[in-house]
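Shown next: final27.txt, given as compact mmCIF, C-alpha atoms.
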# COMPACT_ATOMS: atom_id res chain seq x y z
CA MET F 201 -4.62 22.46 4.66
CA ASN F 202 -2.02 25.22 5.05
CA HIS F 203 0.63 23.92 7.44
CA PRO F 204 2.72 26.80 8.87
CA ASN F 205 5.99 24.92 8.34
CA LYS F 206 5.31 23.62 4.86
CA LYS F 207 7.61 26.15 3.21
CA ARG F 208 10.11 26.84 5.97
CA LEU F 209 13.81 27.38 5.25
CA ARG F 210 15.44 24.05 4.33
CA ARG F 211 18.89 24.83 2.97
CA SER F 212 20.60 21.92 4.69
CA MET F 213 19.16 18.52 5.62
CA MET F 214 21.71 16.38 7.48
CA PHE F 215 21.46 12.57 7.45
CA LEU F 216 21.91 10.88 10.85
CA ASN F 217 21.84 7.19 11.62
CA CYS F 218 19.13 6.36 14.18
CA GLN F 219 21.17 3.35 15.23
CA LYS F 220 23.90 5.60 16.68
CA PRO F 221 23.01 7.42 19.91
CA ALA F 222 26.17 9.53 19.71
CA LEU F 223 24.96 10.99 16.41
CA ILE F 224 21.37 11.78 17.30
CA LYS F 225 21.86 13.24 20.78
CA ASP F 226 23.04 16.76 19.85
CA PRO F 227 23.27 17.49 16.09
CA TYR F 228 21.57 20.87 16.65
CA ILE F 229 24.93 22.29 17.77
CA TYR F 230 25.95 22.40 14.10
CA LYS F 231 22.81 24.40 13.23
CA PRO F 232 21.51 22.59 10.15
CA ASP F 233 18.03 23.71 9.06
CA SER F 234 16.79 20.10 9.20
CA ILE F 235 18.11 16.76 10.39
CA MET F 236 17.12 13.53 8.71
CA LEU F 237 16.96 10.69 11.22
CA ASP F 238 17.45 7.58 9.13
CA LEU F 239 15.63 4.31 9.73
CA GLU F 240 16.40 3.04 6.22
CA ASP F 241 19.75 2.29 4.60
CA ALA F 242 21.98 3.36 7.50
CA VAL F 243 20.29 0.92 9.89
CA ALA F 244 21.24 -2.75 9.65
CA GLU F 245 18.35 -5.07 8.85
CA ASN F 246 18.49 -6.74 12.29
CA GLN F 247 18.57 -3.40 14.14
CA LYS F 248 15.42 -1.79 12.69
CA ASP F 249 13.49 -2.52 15.89
CA ALA F 250 16.15 -1.05 18.20
CA ALA F 251 16.50 2.05 16.00
CA ARG F 252 12.78 2.74 16.40
CA PHE F 253 13.01 2.75 20.21
CA SER F 254 15.94 5.18 19.98
CA LEU F 255 14.03 7.36 17.55
CA PHE F 256 10.91 7.50 19.72
CA HIS F 257 12.77 8.73 22.79
CA ALA F 258 14.94 11.10 20.78
CA LEU F 259 11.84 12.71 19.26
CA ARG F 260 10.08 12.90 22.62
CA GLU F 261 12.92 13.90 24.92
CA ILE F 262 15.73 15.67 23.06
CA ASP F 263 15.37 19.41 22.52
CA TYR F 264 16.65 19.97 18.98
CA HIS F 265 16.46 23.75 19.42
CA GLY F 266 14.13 24.40 16.50
CA VAL F 267 15.97 22.20 13.98
CA GLU F 268 13.36 20.41 11.88
CA ARG F 269 13.16 16.66 12.51
CA VAL F 270 12.66 14.65 9.33
CA VAL F 271 12.61 10.85 9.54
CA ARG F 272 13.44 8.62 6.58
CA ILE F 273 11.30 5.51 6.85
CA ASN F 274 11.95 2.18 5.15
CA GLY F 275 10.61 1.53 1.68
CA LEU F 276 7.08 0.40 0.89
CA ASP F 277 8.51 -2.92 -0.32
CA THR F 278 9.75 -3.79 3.19
CA PRO F 279 7.96 -5.18 6.27
CA HIS F 280 9.19 -2.18 8.30
CA TRP F 281 7.55 0.95 6.98
CA ARG F 282 4.17 0.72 8.73
CA GLU F 283 5.76 0.51 12.18
CA ASP F 284 8.14 3.29 11.10
CA VAL F 285 5.15 5.51 10.37
CA ARG F 286 3.56 4.65 13.75
CA VAL F 287 6.71 5.59 15.69
CA CYS F 288 7.22 8.79 13.67
CA VAL F 289 3.71 10.00 14.38
CA ALA F 290 3.70 8.87 18.03
CA GLY F 291 7.05 10.58 18.59
CA GLY F 292 5.96 13.77 16.82
CA ALA F 293 8.31 13.84 13.82
CA ASP F 294 7.89 17.00 11.76
CA VAL F 295 8.28 15.33 8.34
CA ILE F 296 8.36 11.74 7.05
CA ARG F 297 10.61 11.13 4.05
CA ILE F 298 9.30 8.41 1.75
CA PRO F 299 12.20 6.61 0.06
CA LYS F 300 12.13 5.15 -3.45
CA CYS F 301 8.93 7.00 -4.34
CA THR F 302 7.78 6.08 -7.84
CA CYS F 303 4.30 7.57 -8.23
CA ALA F 304 1.57 9.56 -6.52
CA ASN F 305 0.02 6.37 -5.17
CA ASP F 306 3.13 5.71 -3.03
CA VAL F 307 2.49 9.04 -1.31
CA HIS F 308 -1.21 8.24 -0.92
CA VAL F 309 -0.42 4.88 0.69
CA VAL F 310 1.88 6.47 3.26
CA GLU F 311 -0.55 9.33 3.80
CA GLY F 312 -3.27 6.79 4.66
CA ALA F 313 -1.02 5.14 7.26
CA VAL F 314 -0.05 8.53 8.70
CA LEU F 315 -3.69 9.57 9.06
CA LYS F 316 -4.46 6.28 10.83
CA ALA F 317 -1.50 6.83 13.17
CA GLU F 318 -2.53 10.44 13.87
CA GLU F 319 -5.92 9.10 14.97
CA GLU F 320 -4.32 6.28 17.04
CA PHE F 321 -1.93 8.57 18.90
CA GLY F 322 -4.18 11.61 19.21
CA ARG F 323 -2.10 13.86 16.97
CA GLU F 324 -3.75 16.64 15.02
CA LYS F 325 -4.81 15.40 11.59
CA GLY F 326 -2.50 16.84 8.95
CA SER F 327 0.22 17.76 11.42
CA THR F 328 2.74 15.26 10.00
CA LEU F 329 4.27 16.50 6.76
CA LEU F 330 5.69 14.30 4.00
CA MET F 331 8.49 14.49 1.45
CA ALA F 332 9.30 12.10 -1.37
CA ALA F 333 12.73 10.85 -2.41
CA LEU F 334 13.00 10.03 -6.10
CA GLU F 335 15.52 7.26 -6.68
CA SER F 336 14.54 5.79 -10.05
CA CYS F 337 13.95 6.84 -13.64
CA TYR F 338 10.27 6.03 -13.21
CA GLY F 339 10.07 8.23 -10.14
CA VAL F 340 11.76 11.14 -11.90
CA LEU F 341 9.43 10.81 -14.90
CA ASN F 342 6.45 10.89 -12.51
CA CYS F 343 7.79 13.85 -10.58
CA LEU F 344 4.95 16.24 -11.36
CA GLU F 345 2.21 13.86 -10.19
CA ILE F 346 4.26 13.13 -7.05
CA CYS F 347 4.69 16.85 -6.37
CA LYS F 348 0.93 17.36 -6.67
CA SER F 349 -0.04 14.21 -4.73
CA SER F 350 -0.77 15.58 -1.26
CA ASP F 351 -1.29 18.79 0.71
CA ARG F 352 1.15 17.33 3.24
CA LEU F 353 3.98 17.10 0.73
CA ILE F 354 6.70 19.71 1.35
CA GLY F 355 8.76 18.65 -1.63
CA VAL F 356 10.88 16.12 -3.47
CA ALA F 357 14.51 15.08 -3.07
CA LEU F 358 16.82 13.47 -5.54
CA SER F 359 18.66 10.37 -4.36
CA GLY F 360 21.57 10.27 -6.76
CA GLY F 361 23.13 6.92 -5.85
CA ASP F 362 20.11 4.74 -6.55
CA TYR F 363 18.97 6.93 -9.45
CA THR F 364 22.27 6.56 -11.32
CA LYS F 365 22.20 2.80 -10.75
CA ASP F 366 18.76 2.70 -12.37
CA LEU F 367 20.09 4.90 -15.15
CA GLN F 368 22.91 2.36 -15.61
CA THR F 369 25.66 4.85 -14.94
CA HIS F 370 27.41 6.19 -11.84
CA ILE F 371 28.24 9.40 -10.01
CA THR F 372 31.00 10.98 -12.10
CA GLY F 373 31.66 14.12 -10.11
CA THR F 374 30.79 16.30 -13.12
CA GLY F 375 27.04 16.19 -12.52
CA VAL F 376 26.33 15.30 -16.16
CA GLU F 377 24.55 12.08 -15.21
CA LEU F 378 22.16 13.99 -12.90
CA ASN F 379 21.37 16.93 -15.21
CA GLY F 380 18.14 15.53 -16.60
CA ALA F 381 16.71 14.49 -13.24
CA ARG F 382 17.68 17.74 -11.56
CA GLN F 383 16.14 19.81 -14.33
CA MET F 384 12.91 17.81 -14.44
CA MET F 385 12.52 17.79 -10.69
CA ILE F 386 13.02 21.49 -10.13
CA ILE F 387 10.63 22.37 -12.96
CA ALA F 388 7.97 19.97 -11.62
CA ALA F 389 8.43 21.15 -8.04
CA ARG F 390 8.08 24.81 -9.02
CA ALA F 391 5.04 24.04 -11.17
CA ALA F 392 3.40 22.31 -8.21
CA GLY F 393 4.53 24.89 -5.65
CA VAL F 394 6.62 22.54 -3.50
CA GLN F 395 10.30 22.51 -2.57
CA CYS F 396 13.12 20.61 -4.24
CA PHE F 397 16.24 19.19 -2.59
CA ASP F 398 19.44 17.93 -4.14
CA THR F 399 21.25 14.67 -3.48
CA VAL F 400 24.23 14.18 -1.15
CA PHE F 401 27.86 14.84 -2.10
CA THR F 402 29.82 11.97 -0.60
CA ASN F 403 33.48 12.94 -1.13
CA LEU F 404 34.32 14.80 2.07
CA ASP F 405 37.88 15.39 0.90
CA ASP F 406 36.67 17.48 -2.04
CA MET F 407 35.17 20.55 -0.40
CA GLU F 408 35.80 22.69 -3.49
CA GLY F 409 33.83 20.21 -5.59
CA PHE F 410 31.09 20.30 -2.98
CA ARG F 411 30.95 24.09 -3.14
CA ARG F 412 30.80 24.08 -6.95
CA GLU F 413 27.96 21.55 -6.93
CA THR F 414 26.08 23.53 -4.27
CA GLU F 415 26.47 26.74 -6.28
CA MET F 416 25.23 24.96 -9.39
CA ILE F 417 22.08 23.52 -7.79
CA HIS F 418 21.42 26.88 -6.13
CA SER F 419 21.55 28.50 -9.57
CA MET F 420 19.21 25.83 -10.91
CA GLY F 421 16.58 26.84 -8.34
CA PHE F 422 16.87 24.13 -5.70
CA ASP F 423 15.81 24.96 -2.13
CA GLY F 424 18.55 23.00 -0.40
CA LYS F 425 20.83 20.02 -0.31
CA SER F 426 21.00 16.77 1.60
CA ILE F 427 24.26 16.52 3.51
CA ILE F 428 26.21 13.82 5.32
CA ASN F 429 28.65 15.75 7.49
CA PRO F 430 28.50 18.91 9.63
CA ARG F 431 31.48 20.33 7.67
CA GLN F 432 29.16 20.75 4.70
CA ILE F 433 26.63 22.92 6.56
CA PRO F 434 28.41 26.31 6.46
CA VAL F 435 29.14 25.93 2.75
CA VAL F 436 25.48 25.26 1.91
CA HIS F 437 24.25 28.07 4.12
CA GLN F 438 26.71 30.51 2.64
CA VAL F 439 25.67 29.64 -0.91
CA PHE F 440 21.92 29.67 -0.16
CA THR F 441 21.81 32.82 1.96
CA PRO F 442 21.43 36.08 -0.01
CA THR F 443 24.40 38.44 0.27
CA GLN F 444 23.96 42.00 1.57
CA LYS F 445 24.41 43.16 -2.03
CA ASP F 446 21.56 40.88 -3.18
CA ILE F 447 19.36 42.11 -0.34
CA ILE F 448 19.98 45.81 -1.00
CA PHE F 449 19.26 45.34 -4.72
CA ALA F 450 16.10 43.31 -4.00
CA GLU F 451 14.86 46.03 -1.65
CA LYS F 452 15.41 48.66 -4.35
CA VAL F 453 13.59 46.51 -6.93
CA VAL F 454 10.56 45.97 -4.68
CA ARG F 455 10.37 49.63 -3.66
CA GLU F 456 10.86 50.93 -7.20
CA ILE F 457 8.28 48.57 -8.72
CA ASP F 458 5.74 49.55 -6.05
CA THR F 459 6.41 53.25 -6.66
CA LYS F 460 6.59 53.12 -10.46
CA LYS F 461 3.46 50.97 -10.69
CA ALA F 462 1.53 53.71 -8.87
CA GLN F 463 2.94 56.22 -11.39
CA GLY F 464 1.91 54.06 -14.34
CA ILE F 465 5.48 53.21 -15.35
CA GLY F 466 6.12 49.58 -16.37
CA VAL F 467 9.81 49.43 -17.16
CA PHE F 468 12.73 51.38 -15.67
CA THR F 469 16.30 50.91 -14.46
CA VAL F 470 17.76 50.14 -11.02
CA ASP F 471 21.54 50.47 -10.66
CA GLY F 472 21.81 50.43 -14.45
CA LYS F 473 19.76 47.24 -14.91
CA MET F 474 16.45 47.09 -16.74
CA ILE F 475 13.68 46.14 -14.34
CA ASP F 476 10.00 45.36 -14.88
CA ILE F 477 7.27 43.49 -13.04
CA ALA F 478 8.85 40.13 -13.93
CA PHE F 479 11.58 40.85 -11.34
CA TYR F 480 9.13 41.44 -8.50
CA ASP F 481 8.58 37.85 -7.32
CA GLY F 482 12.29 37.05 -7.51
CA ALA F 483 13.19 40.08 -5.42
CA LYS F 484 10.48 39.22 -2.89
CA ARG F 485 11.81 35.66 -2.72
CA THR F 486 15.34 36.95 -2.04
CA LEU F 487 14.03 39.03 0.85
CA MET F 488 11.96 36.14 2.22
CA LEU F 489 14.97 33.85 2.10
CA ALA F 490 17.12 36.50 3.76
CA LYS F 491 14.55 37.04 6.48
CA ALA F 492 14.20 33.29 7.11
CA ALA F 493 17.99 33.03 7.30
CA GLY F 494 18.08 35.84 9.85
CA VAL F 495 20.03 38.33 7.74
CA TYR F 496 17.19 40.74 6.83
CA GLY F 497 15.22 42.71 9.35
CA GLY F 498 13.41 45.04 6.96
CA ASP F 499 9.68 45.50 6.53
CA LEU F 500 9.21 44.69 2.83
CA ILE F 501 8.25 41.09 3.73
CA MET C 202 5.77 -8.70 29.89
CA GLU C 203 7.21 -12.16 30.01
CA ILE C 204 10.89 -12.81 29.25
CA LYS C 205 10.87 -15.83 26.94
CA HIS C 206 14.59 -15.99 26.27
CA THR C 207 17.80 -14.02 26.62
CA ALA C 208 17.98 -10.91 24.47
CA VAL C 209 20.39 -8.03 23.94
CA ALA C 210 20.07 -4.46 22.68
CA GLY C 211 22.61 -1.70 22.25
CA THR C 212 26.35 -1.51 21.69
CA MET C 213 29.57 -0.73 23.54
CA GLU C 214 30.06 2.48 21.57
CA SER C 215 30.39 5.82 23.32
CA SER C 216 27.05 7.36 24.40
CA ASP C 217 25.37 3.95 24.13
CA ALA C 218 24.63 1.09 26.53
CA LEU C 219 24.55 -2.66 26.08
CA VAL C 220 21.57 -4.17 27.85
CA THR C 221 21.07 -7.91 28.34
CA ILE C 222 17.82 -9.38 29.64
CA GLU C 223 17.58 -12.95 30.91
CA ASN C 224 15.01 -14.96 32.80
CA GLY C 225 15.05 -14.21 36.50
CA ASP C 226 13.19 -14.46 39.75
CA GLY C 227 12.16 -10.95 40.65
CA ILE C 228 14.36 -8.15 39.24
CA GLN C 229 18.13 -8.58 39.49
CA LEU C 230 20.04 -5.60 38.15
CA SER C 231 23.75 -5.34 37.44
CA ILE C 232 25.23 -2.04 36.23
CA THR C 233 28.71 -1.26 34.97
CA SER C 234 29.51 2.33 34.05
CA PRO C 235 32.48 4.69 33.92
CA VAL C 236 30.27 7.22 35.67
CA ILE C 237 28.81 4.84 38.25
CA HIS C 238 29.78 7.09 41.18
CA GLN C 239 28.09 10.16 39.73
CA PHE C 240 25.13 8.58 37.92
CA GLY C 241 24.75 5.03 39.25
CA ASN C 242 21.57 5.83 41.16
CA ARG C 243 20.11 7.65 38.18
CA ILE C 244 20.88 4.77 35.79
CA ARG C 245 19.32 2.29 38.25
CA ALA C 246 16.19 4.45 38.59
CA VAL C 247 15.74 4.81 34.81
CA VAL C 248 16.16 1.07 34.20
CA LEU C 249 13.78 0.08 37.00
CA GLU C 250 11.16 2.62 35.90
CA THR C 251 11.38 1.39 32.30
CA LEU C 252 10.92 -2.22 33.44
CA GLU C 253 7.96 -1.19 35.57
CA ASN C 254 6.34 0.66 32.67
CA LEU C 255 6.61 -2.53 30.64
CA ASP C 256 5.28 -4.63 33.52
CA VAL C 257 8.42 -6.77 33.66
CA ARG C 258 8.47 -8.46 37.08
CA ASN C 259 10.96 -11.27 36.61
CA ALA C 260 14.23 -10.63 34.81
CA ALA C 261 17.98 -10.53 35.29
CA VAL C 262 19.16 -7.30 33.69
CA THR C 263 22.77 -6.45 32.92
CA VAL C 264 23.61 -2.89 31.83
CA VAL C 265 27.02 -1.98 30.48
CA ASP C 266 26.76 1.79 30.25
CA ARG C 267 29.05 3.83 28.01
CA GLY C 268 27.77 7.25 28.95
CA ALA C 269 24.22 6.88 27.58
CA LEU C 270 21.61 9.59 28.05
CA ASP C 271 18.38 8.60 29.81
CA CYS C 272 16.57 8.39 26.47
CA THR C 273 19.15 5.92 25.14
CA LEU C 274 19.04 3.79 28.30
CA LYS C 275 15.27 3.55 28.06
CA ALA C 276 15.46 2.64 24.37
CA ARG C 277 18.01 -0.12 25.01
CA VAL C 278 16.06 -1.62 27.92
CA GLU C 279 12.87 -1.57 25.88
CA GLY C 280 14.64 -3.04 22.87
CA ALA C 281 16.00 -5.92 24.93
CA VAL C 282 12.66 -6.57 26.68
CA PHE C 283 10.59 -6.57 23.47
CA ARG C 284 13.17 -8.81 21.78
CA ALA C 285 13.11 -11.17 24.80
CA ALA C 286 9.34 -11.34 24.45
CA ASP C 287 9.53 -11.90 20.65
CA CYS C 288 7.47 -8.82 19.83
CA SER C 289 9.91 -6.04 18.94
CA GLU C 290 8.93 -5.54 15.31
CA HIS C 291 5.26 -4.50 15.16
CA GLY C 292 2.44 -3.08 17.26
CA ILE C 293 4.69 -1.38 19.82
CA PRO C 294 2.66 0.57 22.44
CA TRP C 295 4.29 3.92 21.66
CA GLY C 296 3.26 6.40 24.33
CA GLY C 297 1.72 3.55 26.38
CA GLY C 298 4.15 1.08 27.96
CA VAL C 299 6.87 2.74 25.92
CA LYS C 300 7.04 6.31 27.26
Could you spell out this file's structure in structure tokens?
Amino acid sequence: MNHPNKKRLRRSMMFLNCQKPALIKDPYIYKPDSIMLDLEDAVAENQKDAARFSLFHALREIDYHGVERVVRINGLDTPHWREDVRVCVAGGADVIRIPKCTCANDVHVVEGAVLKAEEEFGREKGSTLLMAALESCYGVLNCLEICKSSDRLIGVALSGGDYTKDLQTHITGTGVELNGARQMMIIAARAAGVQCFDTVFTNLDDMEGFRRETEMIHSMGFDGKSIINPRQIPVVHQVFTPTQKDIIFAEKVVREIDTKKAQGIGVFTVDGKMIDIAFYDGAKRTLMLAKAAGVYGGDLI
Amino acid sequence: MEIKHTAVAGTMESSDALVTIENGDGIQLSITSPVIHQFGNRIRAVVLETLENLDVRNAAVTVVDRGALDCTLKARVEGAVFRAADCSEHGIPWGGGVK
């Protein structure tokens, strides 16, 4: 299966509580790439049923203006997740986020329920994508098998709060406690060809800290970041969108490599920097990202 | 659907509605809303249509609207009805009675 949206631009993924109609009625005005409608932790245990009715009608009736609709279902250790999957598929959610994913089998179990629901509600088989949230040491250690578990899987996301509890530490603000997980996850995701998303940054009063963390995970190779407030969106988009300088350089690299390859030249310089074929994919990726973000209109992609 | 007992869904928060369903003889509907003059008829129509879709024929329904969209009103009425019938957790007819 090659779903057209499997690798779409997902710089920002904003959590929204399905229990709150005021939150889910018009989040598209802030222009996140994706919203994450939450049926799990944000919804009180005795309101899971009501949240599903809200979700169903939101998915069916609200025009989110092209913003991707991800739904976080309840964990596989709860009595809620099967009905969550049914409502997601019936409503037409774009992606289901599996929380507390520990191994490939967790993805397979949800995938089986999704397939059954696609048959029940007459949705195209394979149309519902999946992503996995890793929230434990075991899950992080199994990241590669999770990344390779399903054609529906768009990627993996780190859930820092639960992960650090399992690690028997806490969020320090320095990122040191998350280094290992972040590194393992991005390597596994790239090896498997799926996307990788960073955890939330919860201190809304520390926007400089948020920017530093976003710049760091961008440098590490992440595709985007989970966010909890619209104020965080412009920061993430700014960090993850190639600058005009990056775009111009990437264009030169692609053009020069194409030209020099035809002339039988393997290594050369562009703007004083040594360039060879190893730079080609990176430059192409910069241009793809720029095009997806709407800041590149060229024809090299 | 049969109303077995009184049930409530929703909140008094902005953009939400608090819907209470009780046993009744026929449909009795009471609506309170800050926009009753502009949208009272619309709110009434959405609630009655939702009840009809769920085949609820006997119920006393109280809606305290706080500026809810149609989709929220429907969700709150359905939530209250399914809770009143003790079947709100599993096997919901998504796209059937719930539409």
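If you count only C-alpha atoms and draw a sphere of 7 Å around (23.2, -1.7, 26.8), the protein and nucleic acid residues inside it come out as Ala210, Gly211, Thr212, Asp217, Ala218, Leu219, Val220, Thr221, Val264, Val265, Asp266 and Arg277 of chain C.
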Counting only C-alpha atoms, the option among C:Thr207, C:Thr263, C:Ser216, C:Asn254 closest to C:Ser231:
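For C:Ser231, the nearest of the given residues is C:Thr263.
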With all atoms listed in the file as the counted atoms, please give the residues lying no more than 10 Å from F:Gln438, apart from itself and same-chain residues fewer than 6 positions off, as a list of chain:residue names.
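Listed by chain and then number, they are F:Arg211, F:Arg411, F:Thr414, F:Glu415.
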Dump C-alpha atoms for the selected residues as a PDB file, in the coordinates of the input?
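again32.pdb was written with the following content:
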ATOM      1  CA  ARG F 211      18.890  24.830   2.970  1.00  0.00           C
ATOM      2  CA  ARG F 411      30.950  24.090  -3.140  1.00  0.00           C
ATOM      3  CA  THR F 414      26.080  23.530  -4.270  1.00  0.00           C
ATOM      4  CA  GLU F 415      26.470  26.740  -6.280  1.00  0.00           C
TER       5      GLU F 415
END
Grab the atom CA of F:Ile229 to atom CA of F:Ala244 distance for me, in Å with one decimal place.
26.6 Å
With a cut-off of 8 Å and counting all atoms listed in the file, select all residues of chain C in contact with chain F and give the selection as JSON, numbers by chain.
{"C": [210, 211, 215, 216, 217, 269, 272, 273, 275, 276, 277, 279, 280, 289, 290, 291, 292, 293, 295, 296, 300]}
If you keep C-alpha atoms, can you produce a file of those selected residues as a compact mmCIF listing (two decimals), keeping the file's coordinate frame?
# COMPACT_ATOMS: atom_id res chain seq x y z
CA ALA C 210 20.07 -4.46 22.68
CA GLY C 211 22.61 -1.70 22.25
CA SER C 215 30.39 5.82 23.32
CA SER C 216 27.05 7.36 24.40
CA ASP C 217 25.37 3.95 24.13
CA ALA C 269 24.22 6.88 27.58
CA CYS C 272 16.57 8.39 26.47
CA THR C 273 19.15 5.92 25.14
CA LYS C 275 15.27 3.55 28.06
CA ALA C 276 15.46 2.64 24.37
CA ARG C 277 18.01 -0.12 25.01
CA GLU C 279 12.87 -1.57 25.88
CA GLY C 280 14.64 -3.04 22.87
CA SER C 289 9.91 -6.04 18.94
CA GLU C 290 8.93 -5.54 15.31
CA HIS C 291 5.26 -4.50 15.16
CA GLY C 292 2.44 -3.08 17.26
CA ILE C 293 4.69 -1.38 19.82
CA TRP C 295 4.29 3.92 21.66
CA GLY C 296 3.26 6.40 24.33
CA LYS C 300 7.04 6.31 27.26
Top pick for closest residue to C:Gly298, considering C:Leu255, C:Ala208, C:Ile232, C:Ile222 and counting all atoms listed in the file:
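Residue with the minimum atom-to-atom distance to C:Gly298: C:Leu255.
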Would you compute the distance between atom CA of F:Ala392 and atom CA of F:Glu268? Give it in Å to one decimal.
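Interatomic distance, atom CA of F:Ala392 to atom CA of F:Glu268: 22.5 Å.
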Residues within 8 Å of F:Tyr496, only C-alpha atoms, excluding chain neighbours under 6 positions, as JSON, numbers by chain
{"F": [447, 487, 490]}
Please compute the atom CA of F:Gln383-atom CA of F:Met213 distance, one decimal, in Å.
20.2 Å
Where's the centre, and what are the edge lengths in Å to one decimal, of a box along x, y and z enclosing all listed atoms of stretch 269-286 of chain C padded 5 Å per side, as JSON?
{"center_x": 16.8, "center_y": -0.9, "center_z": 25.8, "size_x": 24.9, "size_y": 30.9, "size_z": 18.0}
Return stretch 277-297 of chain F, completed with N, CA and C atoms, as a PDB file, in the coordinates of the input.
ATOM      1  N   ASP F 277       8.319  -1.503   0.019  1.00  0.00           N
ATOM      2  CA  ASP F 277       8.510  -2.920  -0.320  1.00  0.00           C
ATOM      3  C   ASP F 277       9.144  -3.695   0.833  1.00  0.00           C
ATOM      4  N   THR F 278       9.171  -3.107   2.029  1.00  0.00           N
ATOM      5  CA  THR F 278       9.750  -3.790   3.190  1.00  0.00           C
ATOM      6  C   THR F 278       8.668  -4.056   4.237  1.00  0.00           C
ATOM      7  N   PRO F 279       8.941  -4.951   5.200  1.00  0.00           N
ATOM      8  CA  PRO F 279       7.960  -5.180   6.270  1.00  0.00           C
ATOM      9  C   PRO F 279       8.039  -4.123   7.375  1.00  0.00           C
ATOM     10  N   HIS F 280       8.911  -3.116   7.200  1.00  0.00           N
ATOM     11  CA  HIS F 280       9.190  -2.180   8.300  1.00  0.00           C
ATOM     12  C   HIS F 280       8.406  -0.882   8.274  1.00  0.00           C
ATOM     13  N   TRP F 281       7.965  -0.443   7.101  1.00  0.00           N
ATOM     14  CA  TRP F 281       7.550   0.950   6.980  1.00  0.00           C
ATOM     15  C   TRP F 281       6.308   1.310   7.793  1.00  0.00           C
ATOM     16  N   ARG F 282       5.392   0.372   7.977  1.00  0.00           N
ATOM     17  CA  ARG F 282       4.170   0.720   8.730  1.00  0.00           C
ATOM     18  C   ARG F 282       4.485   1.040  10.191  1.00  0.00           C
ATOM     19  N   GLU F 283       5.367   0.220  10.792  1.00  0.00           N
ATOM     20  CA  GLU F 283       5.760   0.510  12.180  1.00  0.00           C
ATOM     21  C   GLU F 283       6.596   1.793  12.231  1.00  0.00           C
ATOM     22  N   ASP F 284       7.382   2.022  11.180  1.00  0.00           N
ATOM     23  CA  ASP F 284       8.140   3.290  11.100  1.00  0.00           C
ATOM     24  C   ASP F 284       7.193   4.484  11.151  1.00  0.00           C
ATOM     25  N   VAL F 285       6.113   4.408  10.387  1.00  0.00           N
ATOM     26  CA  VAL F 285       5.150   5.510  10.370  1.00  0.00           C
ATOM     27  C   VAL F 285       4.529   5.682  11.759  1.00  0.00           C
ATOM     28  N   ARG F 286       4.178   4.561  12.408  1.00  0.00           N
ATOM     29  CA  ARG F 286       3.560   4.650  13.750  1.00  0.00           C
ATOM     30  C   ARG F 286       4.502   5.370  14.730  1.00  0.00           C
ATOM     31  N   VAL F 287       5.786   4.978  14.715  1.00  0.00           N
ATOM     32  CA  VAL F 287       6.710   5.590  15.690  1.00  0.00           C
ATOM     33  C   VAL F 287       6.967   7.055  15.350  1.00  0.00           C
ATOM     34  N   CYS F 288       7.021   7.382  14.071  1.00  0.00           N
ATOM     35  CA  CYS F 288       7.220   8.790  13.670  1.00  0.00           C
ATOM     36  C   CYS F 288       6.087   9.664  14.195  1.00  0.00           C
ATOM     37  N   VAL F 289       4.865   9.201  13.980  1.00  0.00           N
ATOM     38  CA  VAL F 289       3.710  10.000  14.380  1.00  0.00           C
ATOM     39  C   VAL F 289       3.598  10.045  15.908  1.00  0.00           C
ATOM     40  N   ALA F 290       3.784   8.903  16.558  1.00  0.00           N
ATOM     41  CA  ALA F 290       3.700   8.870  18.030  1.00  0.00           C
ATOM     42  C   ALA F 290       4.769   9.754  18.654  1.00  0.00           C
ATOM     43  N   GLY F 291       5.960   9.770  18.054  1.00  0.00           N
ATOM     44  CA  GLY F 291       7.050  10.580  18.590  1.00  0.00           C
ATOM     45  C   GLY F 291       6.925  12.051  18.241  1.00  0.00           C
ATOM     46  N   GLY F 292       6.143  12.362  17.209  1.00  0.00           N
ATOM     47  CA  GLY F 292       5.960  13.770  16.820  1.00  0.00           C
ATOM     48  C   GLY F 292       6.963  14.263  15.806  1.00  0.00           C
ATOM     49  N   ALA F 293       7.394  13.400  14.885  1.00  0.00           N
ATOM     50  CA  ALA F 293       8.310  13.840  13.820  1.00  0.00           C
ATOM     51  C   ALA F 293       7.638  14.955  13.017  1.00  0.00           C
ATOM     52  N   ASP F 294       8.443  15.898  12.541  1.00  0.00           N
ATOM     53  CA  ASP F 294       7.890  17.000  11.760  1.00  0.00           C
ATOM     54  C   ASP F 294       7.550  16.556  10.333  1.00  0.00           C
ATOM     55  N   VAL F 295       8.441  15.756   9.739  1.00  0.00           N
ATOM     56  CA  VAL F 295       8.280  15.330   8.340  1.00  0.00           C
ATOM     57  C   VAL F 295       8.692  13.870   8.207  1.00  0.00           C
ATOM     58  N   ILE F 296       7.959  13.105   7.395  1.00  0.00           N
ATOM     59  CA  ILE F 296       8.360  11.740   7.050  1.00  0.00           C
ATOM     60  C   ILE F 296       8.854  11.749   5.610  1.00  0.00           C
ATOM     61  N   ARG F 297      10.061  11.224   5.407  1.00  0.00           N
ATOM     62  CA  ARG F 297      10.610  11.130   4.050  1.00  0.00           C
ATOM     63  C   ARG F 297      10.332   9.728   3.513  1.00  0.00           C
TER      64      ARG F 297
END
